[in-house]
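K.L.:
Dumping the structure here so I can ask a few things about it.
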Amino acid sequence: STGLGVTASNDLSNELYRKACDLGEPAGCTELGYNYERGVGLTPSIDIAVDMYQKGCAGGDALGCNNLGFMYEKGTVVRQDVSRALSLYRQACDNENLPGCHNLGKLYEVGNGVSQNYDTAKTLYERACSGGFVIACTDLGFFYERGLGVPVDLERAVQLYLKGCDGGAPQSCNNLGFMYQNGTGIAQNTTRAIELFEQSCTAGNSMACT
């Protein structure tokens, strides 16, 4: 599908994902589900995407569990069931799926389907961030900026936002821009703030555009 060493072909990649899924490879089911969800080389079908994610997760693919959990959290096609989402995110995280750890942390942060627990959320964000899932670095940075479950540590917040921004998380760039604008945890630098807001805006963050 990416054209790595071969001519890119969504049709061929979907055919191979389907064959892999039929032969019992759960990751193939998950990849096929994603392409049905996003309409990559296929007519979009959330119903089929859910079926594929269920097959992937049941076969042991952690990404399939995470994606299915998101469907249950948001009530996409399946009836909304945050408890089910919580279980699926935990299953994904336990099997080293970093987005699953982040999504589980978010439920603990806001107290959705579970008692609010900043300590647990922080631990999950740390796990995802240290593994390279930079969206979690943004959320962890916010914890340190605002003192959510941890003492306020503005320098640590700056470091985490920088890691997130460098890794491609636009919200991190926006938050780091505010730190530079206000001289919070770092020397004030309006020029740098503008650069970061522009970077975040270009990446689709409407707050940064404002």
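Letters for chains follow the order of the structure tokens (A, B, ...), residue numbers begin at 1 for each chain, and ligand numbers begin at 1 in the order shown.
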At a cut-off of 12 Å, using only C-alpha atoms, what residues contact segment 110-114 of chain A? Leave out same-chain residues fewer than 6 positions from it and give the result as a list in words.

P.N.:
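The neighbour list is Tyr72, Glu73, Lys74, Gln80, Asp81, Val82, Ser83, Arg84, Ala85, Leu86, Ser87, Asn103, Leu104, Thr120, Ala121, Lys122, Asp139 and Leu148 of chain A.
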
K.L.:
For the atom pair atom CA of Phe142 of chain A and atom CA of Arg156 of chain A, what is the interatomic distance in Å to one decimal place?

P.N.:
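Separation of atom CA of Phe142 of chain A and atom CA of Arg156 of chain A: 9.8 Å.
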
K.L.:
If you take only C-alpha atoms and a cut-off of 12 Å, which residues of segment 115-208 of chain A touch segment 88-95 of chain A, and what are their nearest atom pairs and distances in Å to one decimal, in chain and number order, as a tab-separated table?

P.N.:
residue	atom	partner	partner_atom	distance
A:Thr123	CA	A:Cys93	CA	11.9
A:Leu124	CA	A:Cys93	CA	8.7
A:Tyr125	CA	A:Cys93	CA	11.1
A:Arg127	CA	A:Cys93	CA	9.4
A:Ala128	CA	A:Cys93	CA	8.9
A:Gly131	CA	A:Cys93	CA	11.6

K.L.:
Those same residues, written as a compact mmCIF listing (two decimals), in the first residue's frame with C-alpha atoms?

P.N.:
# COMPACT_ATOMS: atom_id res chain seq x y z
CA THR A 123 1.52 6.00 34.34
CA LEU A 124 -0.21 5.02 31.11
CA TYR A 125 0.79 8.25 29.36
CA ARG A 127 4.38 4.24 29.05
CA ALA A 128 2.98 5.37 25.72
CA GLY A 131 7.52 4.09 23.67

K.L.:
Using only C-alpha atoms, I'd like a table of the residues in segment 81-149 of chain A that come within 8 Å of segment 170-181 of chain A; for each, show the closest atom pair and its distance in Å rounded to one decimal, ordered by chain and ascending number, as JSON lines.

P.N.:
{"residue": "A:Ile135", "atom": "CA", "partner": "A:Ser172", "partner_atom": "CA", "distance": 7.8}
{"residue": "A:Cys137", "atom": "CA", "partner": "A:Ser172", "partner_atom": "CA", "distance": 7.9}
{"residue": "A:Thr138", "atom": "CA", "partner": "A:Ser172", "partner_atom": "CA", "distance": 5.1}

K.L.:
Need the shell around Cys57 of chain A: protein/DNA/RNA residues with any atom at most 9 Å away, counting only C-alpha atoms. Skip same-chain ones fewer than 6 positions apart. Format as a PDB file with C-alpha atoms, in the first residue's frame?

P.N.:
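Generated file (result-v8.pdb):
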ATOM      1  CA  PRO A  26      -5.107 -11.402  12.691  1.00  0.00           C
ATOM      2  CA  ALA A  27      -3.009  -8.378  11.683  1.00  0.00           C
ATOM      3  CA  CYS A  29      -7.877  -8.539   9.444  1.00  0.00           C
ATOM      4  CA  THR A  30      -7.028  -5.373  11.349  1.00  0.00           C
ATOM      5  CA  LEU A  63      -4.110  -2.922  17.289  1.00  0.00           C
ATOM      6  CA  GLY A  64      -7.385  -4.602  16.390  1.00  0.00           C
ATOM      7  CA  CYS A  65      -8.392  -4.494  20.064  1.00  0.00           C
ATOM      8  CA  ASN A  66      -7.510  -0.799  20.301  1.00  0.00           C
ATOM      9  CA  ASN A  67      -9.430   0.094  17.144  1.00  0.00           C
ATOM     10  CA  LEU A  68     -12.448  -1.929  18.243  1.00  0.00           C
ATOM     11  CA  LEU A  88     -10.352  -3.646  24.966  1.00  0.00           C
ATOM     12  CA  ALA A  92      -4.353  -3.747  23.743  1.00  0.00           C
TER      13      ALA A  92
END

K.L.:
Give the alpha helix (DSSP H) residues of chain A, as assigned by DSSP on the backbone, as a PyMOL selection string.

P.N.:
chain A and resi 10-22+26-38+46-58+62-74+82-94+98-110+118-130+134-146+154-166+170-182+190-202+206-209

K.L.:
Could the residues in this selection be written to a file with C-alpha atoms, as a short mmCIF file (atom, residue, chain, number, x, y, z; two decimals), in the first residue's frame?

P.N.:
data_model
loop_
_atom_site.label_atom_id
_atom_site.label_comp_id
_atom_site.auth_asym_id
_atom_site.auth_seq_id
_atom_site.Cartn_x
_atom_site.Cartn_y
_atom_site.Cartn_z
CA ASN A 10 -4.28 -0.31 -2.64
CA ASP A 11 -6.16 -2.99 -4.58
CA LEU A 12 -3.33 -5.48 -4.29
CA SER A 13 -2.62 -4.66 -0.65
CA ASN A 14 -6.29 -5.16 0.24
CA GLU A 15 -6.34 -8.44 -1.64
CA LEU A 16 -3.31 -9.62 0.33
CA TYR A 17 -4.70 -8.37 3.65
CA ARG A 18 -7.92 -10.29 2.92
CA LYS A 19 -5.99 -13.44 2.06
CA ALA A 20 -3.90 -13.12 5.21
CA CYS A 21 -7.04 -12.64 7.29
CA ASP A 22 -8.72 -15.67 5.70
CA PRO A 26 -5.11 -11.40 12.69
CA ALA A 27 -3.01 -8.38 11.68
CA GLY A 28 -4.32 -8.81 8.13
CA CYS A 29 -7.88 -8.54 9.44
CA THR A 30 -7.03 -5.37 11.35
CA GLU A 31 -5.34 -3.73 8.35
CA LEU A 32 -8.29 -4.63 6.14
CA GLY A 33 -10.65 -3.19 8.76
CA TYR A 34 -8.71 0.06 8.81
CA ASN A 35 -8.96 0.35 5.05
CA TYR A 36 -12.70 -0.28 5.18
CA GLU A 37 -13.03 2.34 7.92
CA ARG A 38 -11.09 4.96 5.95
CA ILE A 46 -17.87 0.87 9.21
CA ASP A 47 -19.87 -2.34 9.68
CA ILE A 48 -17.22 -4.40 7.89
CA ALA A 49 -14.46 -2.49 9.69
CA VAL A 50 -15.94 -3.49 13.05
CA ASP A 51 -16.16 -7.13 11.93
CA MET A 52 -12.54 -7.07 10.81
CA TYR A 53 -11.36 -5.45 14.05
CA GLN A 54 -13.25 -8.09 16.02
CA LYS A 55 -11.51 -10.84 14.06
CA GLY A 56 -8.15 -9.18 14.50
CA CYS A 57 -8.60 -8.69 18.23
CA ALA A 58 -9.97 -12.21 18.77
CA ALA A 62 -3.47 -5.68 19.85
CA LEU A 63 -4.11 -2.92 17.29
CA GLY A 64 -7.38 -4.60 16.39
CA CYS A 65 -8.39 -4.49 20.06
CA ASN A 66 -7.51 -0.80 20.30
CA ASN A 67 -9.43 0.09 17.14
CA LEU A 68 -12.45 -1.93 18.24
CA GLY A 69 -12.29 -0.27 21.65
CA PHE A 70 -12.47 3.13 19.98
CA MET A 71 -15.61 2.00 18.14
CA TYR A 72 -17.22 1.01 21.43
CA GLU A 73 -16.11 4.19 23.19
CA LYS A 74 -17.60 6.44 20.54
CA VAL A 82 -17.40 2.41 27.58
CA SER A 83 -16.87 -0.57 29.88
CA ARG A 84 -16.23 -2.73 26.83
CA ALA A 85 -13.92 -0.06 25.42
CA LEU A 86 -12.02 0.01 28.71
CA SER A 87 -11.51 -3.75 28.59
CA LEU A 88 -10.35 -3.65 24.97
CA TYR A 89 -7.93 -0.77 25.56
CA ARG A 90 -6.50 -2.63 28.55
CA GLN A 91 -6.10 -5.76 26.44
CA ALA A 92 -4.35 -3.75 23.74
CA CYS A 93 -2.06 -1.99 26.23
CA ASP A 94 -1.16 -5.24 27.99
CA LEU A 98 0.87 2.19 22.71
CA PRO A 99 -2.27 3.89 21.34
CA GLY A 100 -4.24 1.47 23.52
CA CYS A 101 -2.27 2.60 26.59
CA HIS A 102 -2.93 6.23 25.68
CA ASN A 103 -6.64 5.69 25.11
CA LEU A 104 -6.93 3.80 28.39
CA GLY A 105 -5.12 6.66 30.12
CA LYS A 106 -7.59 9.16 28.66
CA LEU A 107 -10.52 7.25 30.16
CA TYR A 108 -8.83 7.37 33.57
CA GLU A 109 -7.99 11.06 33.17
CA VAL A 110 -11.57 12.14 32.49
CA TYR A 118 -4.69 10.93 37.52
CA ASP A 119 -1.97 8.63 38.86
CA THR A 120 -3.08 5.75 36.64
CA ALA A 121 -3.52 8.06 33.67
CA LYS A 122 -0.02 9.47 34.20
CA THR A 123 1.52 6.00 34.34
CA LEU A 124 -0.21 5.02 31.11
CA TYR A 125 0.79 8.25 29.36
CA GLU A 126 4.40 7.74 30.48
CA ARG A 127 4.38 4.24 29.05
CA ALA A 128 2.98 5.37 25.72
CA CYS A 129 5.18 8.47 25.50
CA SER A 130 8.39 6.64 26.33
CA VAL A 134 3.93 11.29 20.98
CA ILE A 135 0.27 12.24 21.51
CA ALA A 136 0.72 10.79 24.99
CA CYS A 137 3.70 13.12 25.51
CA THR A 138 1.33 16.04 24.93
CA ASP A 139 -1.10 14.83 27.58
CA LEU A 140 1.70 14.06 30.01
CA GLY A 141 3.16 17.52 29.46
CA PHE A 142 -0.23 19.04 30.29
CA PHE A 143 -0.26 17.09 33.56
CA TYR A 144 3.07 18.62 34.53
CA GLU A 145 2.07 22.09 33.34
CA ARG A 146 -1.15 22.09 35.37
CA LEU A 154 7.13 23.63 33.90
CA GLU A 155 10.55 22.60 32.64
CA ARG A 156 9.37 18.99 32.40
CA ALA A 157 6.24 20.16 30.57
CA VAL A 158 8.40 22.03 28.04
CA GLN A 159 10.54 18.93 27.47
CA LEU A 160 7.48 16.76 26.86
CA TYR A 161 5.84 19.27 24.53
CA LEU A 162 9.11 19.54 22.61
CA LYS A 163 9.27 15.74 22.27
CA GLY A 164 5.68 15.65 21.11
CA CYS A 165 6.13 18.52 18.66
CA ASP A 166 9.31 17.06 17.18
CA PRO A 170 0.42 19.40 16.51
CA GLN A 171 -1.15 19.99 19.93
CA SER A 172 2.30 19.73 21.49
CA CYS A 173 3.57 22.43 19.11
CA ASN A 174 0.64 24.65 20.07
CA ASN A 175 1.18 24.14 23.81
CA LEU A 176 4.90 24.73 23.46
CA GLY A 177 4.12 27.91 21.55
CA PHE A 178 2.13 29.19 24.54
CA MET A 179 5.05 28.43 26.83
CA TYR A 180 7.35 30.50 24.62
CA GLN A 181 4.78 33.27 24.23
CA ASN A 182 4.34 33.65 27.97
CA THR A 190 7.62 35.50 20.61
CA THR A 191 9.30 34.69 17.29
CA ARG A 192 9.65 31.04 18.30
CA ALA A 193 6.06 31.03 19.56
CA ILE A 194 4.80 32.23 16.17
CA GLU A 195 6.82 29.53 14.39
CA LEU A 196 5.29 26.87 16.61
CA PHE A 197 1.75 28.17 16.18
CA GLU A 198 2.25 28.20 12.41
CA GLN A 199 3.61 24.66 12.49
CA SER A 200 0.66 23.46 14.54
CA CYS A 201 -1.85 25.34 12.39
CA THR A 202 -0.41 23.87 9.18
CA SER A 206 -7.47 25.07 14.70
CA MET A 207 -6.58 26.49 18.11
CA ALA A 208 -3.09 27.29 16.86
CA CYS A 209 -4.55 28.99 13.80
#

K.L.:
Go ahead and compute the interatomic distance for atom CA of Gly41 of chain A and atom CA of Val77 of chain A, in Å to one decimal.

P.N.:
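Computing the Euclidean distance for atom CA of Gly41 of chain A and atom CA of Val77 of chain A yields 21.0 Å.
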